[in-house]
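K.L.:
The structure's right below; bear with me while I get my questions together.
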Amino acid sequence: MTDITEKQVLERLAKVRGPDLEGDIVALKMVSGLLIDGGKVIFSINVPAERAEELEPLRNAAEQSVMKLAGVEKVIAVLTGERKAGSAPVRPAPSFDQAAAVPPPMQMQAAKAAADAPNQKAGVPGIKSIIAVASGKGGVGKSTTSVNIALGLLGQGLKVGILDADIYGPSLPRLLGISDRPTANGRILNPLESFGLKVMSMGFLVEEETPMIWRGPMVISALTQMLREVAWGELDVLIVDMPPGTGDAQLTMAQQVPLAGAVIVSTPQDIALIDARKGLNMFRKVEVPILGLIENMSTFICPKCGEQSDIFGHGGARKEAESLGVPFLGEIPLHMDIRSNSDGGTPVTVSAPDGPHAAIYNDIAEKVIDRLHAEGDNAGPKIVME
């Protein structure tokens, strides 16, 4: 295979005219995040967010130009851009031709899966159980909880991976202290590893401060690729850190992925519990077992005096679990150590494995395993070798 150089790619991109046919996208410094991995070329094109849909042909032209290079097998161009204050975010419509950001066979597979859902749920070879960690809204600490539960399961001697399904706001690179980019074997990506976990996130492919301006179909295709075109190997459990809410991406994942169960994360106050109930009901409607409900930020513990304060209330999630007839998995306090270690990329379950907070996450992980066993054969996906 001919080695592809950055200079060659930029020379091809310099032939693509910028918006309004002024200059070229390289001279205008619109190209960023260029990654070359074998025959795959990935890059971002920075555009005004309010013009994203209008400039979709520019993305197609850039991909087509780079595809003409000898040795290039696949090109992924992503439109990114900052949104002006007071304007609505605009995401480009996906192109379903040969120049689309997701390979056409993958798009056809995703479209067929969506049409056949919820009856067709092809398993992921090598993965025994897939667990979704979800919330009805953002800001409840779902990603921090996902990571620490995954590490708790790892501590139980299981082989564990974690998928960051939040395309618009990926958190796992920061939470797990990963700054590398994945390598590829043809069209199959190799997951990165941290603290013994196998990890995949859109955050590995774009800069941390780069906003994604994709429409729903492109998000769904990307999620399908990160799940099914990654060399996960043999795993006992794959944790899927779901995006917040109950939109297209969440519903598609619930319908297309053979989930062994879902864990719902909420804070104690009523407004959060209302949204948690919506997320729980979504999984029930697509016949995904509810493994339990977690109350995060259950109480604030002062790092100086140790006094507890119920800033967001206390016990609301436990009562909600009782009223809905689902297991209650535990309460996690709002504590400085959990926050600071998460921000620093050293989750509390590995930075202080013998501490009280790690003990809480480990206890929740044990309950999750018990719930998987309780669900029996109905909880586990049928592994389909493709």
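Identifiers in this document derive from the order of the structure tokens: chains are assigned A, B, ..., residues are numbered from 1 separately in each chain, and ligands are numbered from 1 in order of occurrence.
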Excluding same-chain residues fewer than 4 positions from stretch 167-175 of chain A, what lies within 9 Å of it counting only C-alpha atoms, as number ranges by chain?

P.N.:
A: 143-144, 147, 162-163, 179-180, 199-204, 208, 211-214, 219, 222-223, 241, 243, 341-347

K.L.:
Can you spit out the residues from that selection as a PDB file, in the first residue's frame, using N, CA and C atoms?

P.N.:
ATOM      1  N   SER A 143     -21.920   9.803  33.316  1.00  0.00           N
ATOM      2  CA  SER A 143     -20.658   9.296  32.770  1.00  0.00           C
ATOM      3  C   SER A 143     -19.687   8.912  33.878  1.00  0.00           C
ATOM      4  N   THR A 144     -19.600   9.732  34.919  1.00  0.00           N
ATOM      5  CA  THR A 144     -18.757   9.387  36.065  1.00  0.00           C
ATOM      6  C   THR A 144     -19.224   8.080  36.685  1.00  0.00           C
ATOM      7  N   VAL A 147     -18.265   5.038  34.377  1.00  0.00           N
ATOM      8  CA  VAL A 147     -16.852   4.670  34.456  1.00  0.00           C
ATOM      9  C   VAL A 147     -16.572   3.903  35.743  1.00  0.00           C
ATOM     10  N   ILE A 162     -16.008  -0.258  27.725  1.00  0.00           N
ATOM     11  CA  ILE A 162     -16.978   0.825  27.883  1.00  0.00           C
ATOM     12  C   ILE A 162     -17.028   1.646  26.593  1.00  0.00           C
ATOM     13  N   LEU A 163     -18.245   1.875  26.110  1.00  0.00           N
ATOM     14  CA  LEU A 163     -18.474   2.642  24.884  1.00  0.00           C
ATOM     15  C   LEU A 163     -19.127   3.965  25.241  1.00  0.00           C
ATOM     16  N   SER A 179      -5.502  10.413  25.930  1.00  0.00           N
ATOM     17  CA  SER A 179      -5.287  11.456  24.929  1.00  0.00           C
ATOM     18  C   SER A 179      -4.838  10.887  23.584  1.00  0.00           C
ATOM     19  N   ASP A 180      -4.667   9.556  23.511  1.00  0.00           N
ATOM     20  CA  ASP A 180      -4.224   8.928  22.270  1.00  0.00           C
ATOM     21  C   ASP A 180      -5.381   8.794  21.282  1.00  0.00           C
ATOM     22  N   VAL A 199     -11.804   0.856  25.746  1.00  0.00           N
ATOM     23  CA  VAL A 199     -12.597   2.080  25.642  1.00  0.00           C
ATOM     24  C   VAL A 199     -12.690   2.552  24.196  1.00  0.00           C
ATOM     25  N   MET A 200     -13.897   3.011  23.804  1.00  0.00           N
ATOM     26  CA  MET A 200     -14.067   3.659  22.503  1.00  0.00           C
ATOM     27  C   MET A 200     -14.966   4.868  22.680  1.00  0.00           C
ATOM     28  N   SER A 201     -14.588   5.984  22.047  1.00  0.00           N
ATOM     29  CA  SER A 201     -15.337   7.232  22.165  1.00  0.00           C
ATOM     30  C   SER A 201     -15.088   8.096  20.937  1.00  0.00           C
ATOM     31  N   MET A 202     -16.112   8.850  20.515  1.00  0.00           N
ATOM     32  CA  MET A 202     -15.927   9.827  19.457  1.00  0.00           C
ATOM     33  C   MET A 202     -14.907  10.877  19.880  1.00  0.00           C
ATOM     34  N   GLY A 203     -14.745  11.052  21.163  1.00  0.00           N
ATOM     35  CA  GLY A 203     -13.771  12.006  21.678  1.00  0.00           C
ATOM     36  C   GLY A 203     -12.340  11.667  21.324  1.00  0.00           C
ATOM     37  N   PHE A 204     -12.084  10.407  20.894  1.00  0.00           N
ATOM     38  CA  PHE A 204     -10.738  10.032  20.463  1.00  0.00           C
ATOM     39  C   PHE A 204     -10.455  10.490  19.042  1.00  0.00           C
ATOM     40  N   GLU A 208     -11.102  17.903  21.794  1.00  0.00           N
ATOM     41  CA  GLU A 208     -12.012  18.010  22.923  1.00  0.00           C
ATOM     42  C   GLU A 208     -12.953  19.208  22.800  1.00  0.00           C
ATOM     43  N   PRO A 211     -17.036  21.101  18.504  1.00  0.00           N
ATOM     44  CA  PRO A 211     -18.443  20.697  18.581  1.00  0.00           C
ATOM     45  C   PRO A 211     -18.838  19.853  17.379  1.00  0.00           C
ATOM     46  N   MET A 212     -19.640  18.829  17.600  1.00  0.00           N
ATOM     47  CA  MET A 212     -20.157  18.009  16.513  1.00  0.00           C
ATOM     48  C   MET A 212     -21.462  18.616  16.024  1.00  0.00           C
ATOM     49  N   ILE A 213     -21.593  18.751  14.710  1.00  0.00           N
ATOM     50  CA  ILE A 213     -22.820  19.332  14.157  1.00  0.00           C
ATOM     51  C   ILE A 213     -23.425  18.357  13.151  1.00  0.00           C
ATOM     52  N   TRP A 214     -23.691  17.159  13.646  1.00  0.00           N
ATOM     53  CA  TRP A 214     -24.278  16.102  12.833  1.00  0.00           C
ATOM     54  C   TRP A 214     -25.773  15.988  13.084  1.00  0.00           C
ATOM     55  N   VAL A 219     -25.289  10.395  13.393  1.00  0.00           N
ATOM     56  CA  VAL A 219     -24.968   9.976  14.766  1.00  0.00           C
ATOM     57  C   VAL A 219     -25.218   8.480  14.926  1.00  0.00           C
ATOM     58  N   ALA A 222     -22.575   6.464  13.189  1.00  0.00           N
ATOM     59  CA  ALA A 222     -21.318   6.499  13.938  1.00  0.00           C
ATOM     60  C   ALA A 222     -21.394   5.570  15.158  1.00  0.00           C
ATOM     61  N   LEU A 223     -22.524   5.579  15.863  1.00  0.00           N
ATOM     62  CA  LEU A 223     -22.698   4.691  17.017  1.00  0.00           C
ATOM     63  C   LEU A 223     -22.620   3.233  16.593  1.00  0.00           C
ATOM     64  N   ASP A 241     -22.213   4.005  27.863  1.00  0.00           N
ATOM     65  CA  ASP A 241     -22.546   5.279  28.489  1.00  0.00           C
ATOM     66  C   ASP A 241     -23.436   6.038  27.512  1.00  0.00           C
ATOM     67  N   PRO A 243     -26.146   8.644  25.698  1.00  0.00           N
ATOM     68  CA  PRO A 243     -26.387  10.095  25.732  1.00  0.00           C
ATOM     69  C   PRO A 243     -27.610  10.379  26.587  1.00  0.00           C
ATOM     70  N   ASN A 341     -11.103  13.652  41.142  1.00  0.00           N
ATOM     71  CA  ASN A 341     -10.468  12.499  40.496  1.00  0.00           C
ATOM     72  C   ASN A 341     -11.047  12.254  39.109  1.00  0.00           C
ATOM     73  N   SER A 342     -12.336  12.505  38.938  1.00  0.00           N
ATOM     74  CA  SER A 342     -12.941  12.360  37.619  1.00  0.00           C
ATOM     75  C   SER A 342     -12.346  13.369  36.651  1.00  0.00           C
ATOM     76  N   ASP A 343     -12.240  14.616  37.074  1.00  0.00           N
ATOM     77  CA  ASP A 343     -11.659  15.648  36.218  1.00  0.00           C
ATOM     78  C   ASP A 343     -10.198  15.358  35.893  1.00  0.00           C
ATOM     79  N   GLY A 344      -9.512  14.711  36.825  1.00  0.00           N
ATOM     80  CA  GLY A 344      -8.097  14.426  36.635  1.00  0.00           C
ATOM     81  C   GLY A 344      -7.810  13.153  35.874  1.00  0.00           C
ATOM     82  N   GLY A 345      -8.847  12.427  35.470  1.00  0.00           N
ATOM     83  CA  GLY A 345      -8.645  11.202  34.709  1.00  0.00           C
ATOM     84  C   GLY A 345      -8.229  10.010  35.528  1.00  0.00           C
ATOM     85  N   THR A 346      -8.444  10.094  36.845  1.00  0.00           N
ATOM     86  CA  THR A 346      -8.124   8.970  37.737  1.00  0.00           C
ATOM     87  C   THR A 346      -9.355   8.682  38.601  1.00  0.00           C
ATOM     88  N   PRO A 347     -10.319   7.935  38.082  1.00  0.00           N
ATOM     89  CA  PRO A 347     -11.560   7.673  38.815  1.00  0.00           C
ATOM     90  C   PRO A 347     -11.294   7.182  40.232  1.00  0.00           C
TER      91      PRO A 347
END

K.L.:
Identify all residues of stretch 188-295 of chain A in strand (DSSP E or B) (DSSP on the backbone) and supply them as a PyMOL selection string.

P.N.:
chain A and resi 188-189+192-194+197-201+212+230+235-241+261-266+290-295

K.L.:
Include C-alpha atoms and write out the residues we just selected as a PDB file, in the first residue's frame.

P.N.:
ATOM      1  CA  ILE A 188     -11.894  -2.178  12.189  1.00  0.00           C
ATOM      2  CA  LEU A 189     -10.796   0.233  14.938  1.00  0.00           C
ATOM      3  CA  LEU A 192      -7.847   2.188  23.577  1.00  0.00           C
ATOM      4  CA  GLU A 193      -7.228   0.910  27.104  1.00  0.00           C
ATOM      5  CA  SER A 194      -7.193   2.580  30.502  1.00  0.00           C
ATOM      6  CA  LEU A 197     -10.859  -1.180  30.503  1.00  0.00           C
ATOM      7  CA  LYS A 198     -11.225  -1.306  26.720  1.00  0.00           C
ATOM      8  CA  VAL A 199     -12.597   2.080  25.642  1.00  0.00           C
ATOM      9  CA  MET A 200     -14.067   3.659  22.503  1.00  0.00           C
ATOM     10  CA  SER A 201     -15.337   7.232  22.165  1.00  0.00           C
ATOM     11  CA  MET A 212     -20.157  18.009  16.513  1.00  0.00           C
ATOM     12  CA  VAL A 230     -14.303  -2.148  16.933  1.00  0.00           C
ATOM     13  CA  LEU A 235     -15.653  -9.243  27.006  1.00  0.00           C
ATOM     14  CA  ASP A 236     -17.913 -10.339  29.842  1.00  0.00           C
ATOM     15  CA  VAL A 237     -19.586  -6.923  29.935  1.00  0.00           C
ATOM     16  CA  LEU A 238     -19.676  -3.858  27.693  1.00  0.00           C
ATOM     17  CA  ILE A 239     -20.962  -0.745  29.457  1.00  0.00           C
ATOM     18  CA  VAL A 240     -22.621   1.745  27.098  1.00  0.00           C
ATOM     19  CA  ASP A 241     -22.546   5.279  28.489  1.00  0.00           C
ATOM     20  CA  GLY A 261     -30.322  -4.435  30.844  1.00  0.00           C
ATOM     21  CA  ALA A 262     -30.306  -0.744  31.674  1.00  0.00           C
ATOM     22  CA  VAL A 263     -29.155   1.159  34.742  1.00  0.00           C
ATOM     23  CA  ILE A 264     -30.844   4.538  35.290  1.00  0.00           C
ATOM     24  CA  VAL A 265     -28.966   7.373  37.028  1.00  0.00           C
ATOM     25  CA  SER A 266     -30.788  10.300  38.632  1.00  0.00           C
ATOM     26  CA  ILE A 290     -34.291  -2.470  34.126  1.00  0.00           C
ATOM     27  CA  LEU A 291     -31.385  -3.537  36.323  1.00  0.00           C
ATOM     28  CA  GLY A 292     -31.954  -0.728  38.783  1.00  0.00           C
ATOM     29  CA  LEU A 293     -31.971   2.946  39.700  1.00  0.00           C
ATOM     30  CA  ILE A 294     -29.050   4.883  41.210  1.00  0.00           C
ATOM     31  CA  GLU A 295     -29.304   8.096  43.211  1.00  0.00           C
TER      32      GLU A 295
END

K.L.:
Between A:Arg277, A:Arg371, A:Arg187, A:Arg51, which one has atoms that come closest to A:Ile76, using only C-alpha atoms?

P.N.:
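Ranking A:Arg277, A:Arg371, A:Arg187, A:Arg51 by distance to A:Ile76, first place goes to A:Arg187.
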
K.L.:
Mind running stretch 130-212 of chain A against stretch 350-355 of chain A at 9 Å and telling me each contacting residue's nearest atom pair with the distance in Å (one decimal), counting only C-alpha atoms, chain and number ascending, as CSV?

P.N.:
residue,atom,partner,partner_atom,distance
A:Asn148,CA,A:Val350,CA,8.6
A:Leu151,CA,A:Val350,CA,7.7
A:Phe195,CA,A:Val350,CA,7.7

K.L.:
For the residues in the current selection, export N, CA and C atoms as a short mmCIF file (atom, residue, chain, number, x, y, z; two decimals), in the first residue's frame.

P.N.:
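Final output, saved to out_0.cif:
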data_model
loop_
_atom_site.label_atom_id
_atom_site.label_comp_id
_atom_site.auth_asym_id
_atom_site.auth_seq_id
_atom_site.Cartn_x
_atom_site.Cartn_y
_atom_site.Cartn_z
N ASN A 148 -17.08 4.39 36.86
CA ASN A 148 -16.78 3.74 38.13
C ASN A 148 -17.49 2.40 38.28
N LEU A 151 -15.33 0.03 36.24
CA LEU A 151 -14.13 -0.34 36.99
C LEU A 151 -14.48 -1.26 38.17
N PHE A 195 -6.68 1.64 32.67
CA PHE A 195 -6.94 0.94 33.94
C PHE A 195 -7.53 -0.46 33.72
#

K.L.:
Need to verify the contact set: A:Leu10, 12 Å, only C-alpha atoms, exclusion of same-chain residues closer than 6 positions in sequence. Can you return it as a PyMOL selection string?

P.N.:
chain A and resi 4+16+24-27+29-36+41-43+62-63+65-66+69

K.L.:
Which is closer to A:Gly71 than all the others in A:Val286, A:Ala184, A:Val9, A:Leu334, using only C-alpha atoms?

P.N.:
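With only C-alpha atoms as the atom set, the closest residue is A:Val9.
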
K.L.:
Per residue of stretch 236-279 of chain A within 10 Å of stretch 320-326 of chain A, note the shortest atom pair and the distance in Å to one decimal, counting only C-alpha atoms, and order the rows by chain and increasing residue number, as a tab-separated table.

P.N.:
residue	atom	partner	partner_atom	distance
A:Pro268	CA	A:Glu320	CA	9.4
A:Asp270	CA	A:Glu320	CA	9.6
A:Leu273	CA	A:Glu320	CA	7.5
A:Ile274	CA	A:Glu320	CA	9.5
A:Ala276	CA	A:Glu320	CA	9.5
A:Arg277	CA	A:Glu320	CA	8.4

K.L.:
Using N, CA and C atoms, can you write the selected residues to a file as a compact mmCIF listing (two decimals), in the first residue's frame?

P.N.:
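Final output, part.txt:
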# COMPACT_ATOMS: atom_id res chain seq x y z
N PRO A 268 -31.65 13.31 43.32
CA PRO A 268 -32.84 13.08 44.15
C PRO A 268 -34.03 13.98 43.88
N ASP A 270 -37.19 16.19 42.38
CA ASP A 270 -38.34 15.76 41.59
C ASP A 270 -38.15 15.97 40.10
N LEU A 273 -36.11 13.28 38.63
CA LEU A 273 -36.79 11.99 38.68
C LEU A 273 -37.87 11.87 37.61
N ILE A 274 -38.50 13.00 37.27
CA ILE A 274 -39.49 12.97 36.18
C ILE A 274 -38.83 12.52 34.89
N ALA A 276 -35.94 10.87 34.66
CA ALA A 276 -35.46 9.50 34.83
C ALA A 276 -36.57 8.51 34.54
N ARG A 277 -37.78 8.85 34.96
CA ARG A 277 -38.93 7.97 34.72
C ARG A 277 -39.18 7.81 33.21

K.L.:
Using only C-alpha atoms, which protein or nucleic acid residues come within 9 Å of A:Gln156? Drop anything in the same chain fewer than 6 positions from it, and give the result as a PyMOL selection string.

P.N.:
chain A and resi 362+365-366

K.L.:
May I have the selected residues written with C-alpha atoms, as a compact mmCIF listing (two decimals), in the first residue's frame?

P.N.:
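Below is the file that was written, result_23.txt:
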# COMPACT_ATOMS: atom_id res chain seq x y z
CA ASN A 362 -18.10 -1.66 44.02
CA ALA A 365 -21.28 -3.25 40.58
CA GLU A 366 -21.98 -6.38 42.64

K.L.:
Counting only C-alpha atoms, which residue out of A:Glu375, A:Pro258, A:Thr267, A:Ser340 sits closest to A:Gly123?

P.N.:
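Answer, going by the shortest atom-to-atom distance: A:Pro258.
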
K.L.:
Can you list, as a list in words, every residue of stretch 239-299 of chain A that DSSP puts in helix (DSSP H, G or I)?

P.N.:
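Residues of stretch 239-299 of chain A classed as helix (DSSP H, G or I): Asp248, Ala249, Gln250, Leu251, Thr252, Met253, Ala254, Gln255, Gln256, Asp270, Ile271, Ala272, Leu273, Ile274, Asp275, Ala276, Arg277, Lys278, Gly279, Leu280, Asn281, Met282, Phe283, Arg284 and Lys285 of chain A.
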
K.L.:
Write the residues of the preceding selection, restricted to N, CA and C atoms, as a compact mmCIF listing (two decimals), in the first residue's frame.

P.N.:
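The resulting part09.txt:
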# COMPACT_ATOMS: atom_id res chain seq x y z
N ASP A 248 -33.66 10.09 19.27
CA ASP A 248 -33.43 9.08 18.24
C ASP A 248 -32.27 8.16 18.58
N ALA A 249 -31.15 8.75 19.02
CA ALA A 249 -29.96 7.94 19.28
C ALA A 249 -30.23 6.92 20.39
N GLN A 250 -30.88 7.38 21.46
CA GLN A 250 -31.16 6.48 22.57
C GLN A 250 -32.12 5.37 22.16
N LEU A 251 -33.18 5.74 21.44
CA LEU A 251 -34.16 4.74 21.03
C LEU A 251 -33.55 3.74 20.05
N THR A 252 -32.74 4.23 19.12
CA THR A 252 -32.12 3.33 18.14
C THR A 252 -31.19 2.35 18.83
N MET A 253 -30.38 2.83 19.79
CA MET A 253 -29.50 1.93 20.52
C MET A 253 -30.30 0.88 21.26
N ALA A 254 -31.39 1.30 21.90
CA ALA A 254 -32.22 0.37 22.66
C ALA A 254 -32.88 -0.66 21.75
N GLN A 255 -33.22 -0.25 20.52
CA GLN A 255 -33.90 -1.15 19.59
C GLN A 255 -32.94 -2.08 18.86
N GLN A 256 -31.76 -1.58 18.52
CA GLN A 256 -30.85 -2.34 17.67
C GLN A 256 -29.84 -3.18 18.43
N ASP A 270 -37.19 16.19 42.38
CA ASP A 270 -38.34 15.76 41.59
C ASP A 270 -38.15 15.97 40.10
N ILE A 271 -37.57 17.11 39.69
CA ILE A 271 -37.46 17.43 38.27
C ILE A 271 -36.56 16.43 37.56
N ALA A 272 -35.53 15.94 38.25
CA ALA A 272 -34.65 14.94 37.65
C ALA A 272 -35.33 13.58 37.61
N LEU A 273 -36.11 13.28 38.63
CA LEU A 273 -36.79 11.99 38.68
C LEU A 273 -37.87 11.87 37.61
N ILE A 274 -38.50 13.00 37.27
CA ILE A 274 -39.49 12.97 36.18
C ILE A 274 -38.83 12.52 34.89
N ASP A 275 -37.63 13.07 34.60
CA ASP A 275 -36.92 12.69 33.38
C ASP A 275 -36.38 11.27 33.46
N ALA A 276 -35.94 10.87 34.66
CA ALA A 276 -35.46 9.50 34.83
C ALA A 276 -36.57 8.51 34.54
N ARG A 277 -37.78 8.85 34.96
CA ARG A 277 -38.93 7.97 34.72
C ARG A 277 -39.18 7.81 33.21
N LYS A 278 -38.99 8.90 32.45
CA LYS A 278 -39.16 8.82 30.99
C LYS A 278 -38.15 7.86 30.38
N GLY A 279 -36.89 7.98 30.82
CA GLY A 279 -35.86 7.09 30.31
C GLY A 279 -36.15 5.64 30.65
N LEU A 280 -36.60 5.41 31.88
CA LEU A 280 -36.92 4.05 32.31
C LEU A 280 -38.06 3.48 31.47
N ASN A 281 -39.08 4.29 31.23
CA ASN A 281 -40.23 3.82 30.45
C ASN A 281 -39.86 3.53 29.00
N MET A 282 -38.89 4.28 28.46
CA MET A 282 -38.44 4.02 27.09
C MET A 282 -37.86 2.61 26.99
N PHE A 283 -37.00 2.25 27.95
CA PHE A 283 -36.42 0.91 27.92
C PHE A 283 -37.48 -0.16 28.11
N ARG A 284 -38.43 0.10 28.95
CA ARG A 284 -39.50 -0.88 29.16
C ARG A 284 -40.29 -1.12 27.88
N LYS A 285 -40.53 -0.04 27.12
CA LYS A 285 -41.33 -0.18 25.90
C LYS A 285 -40.63 -1.02 24.85
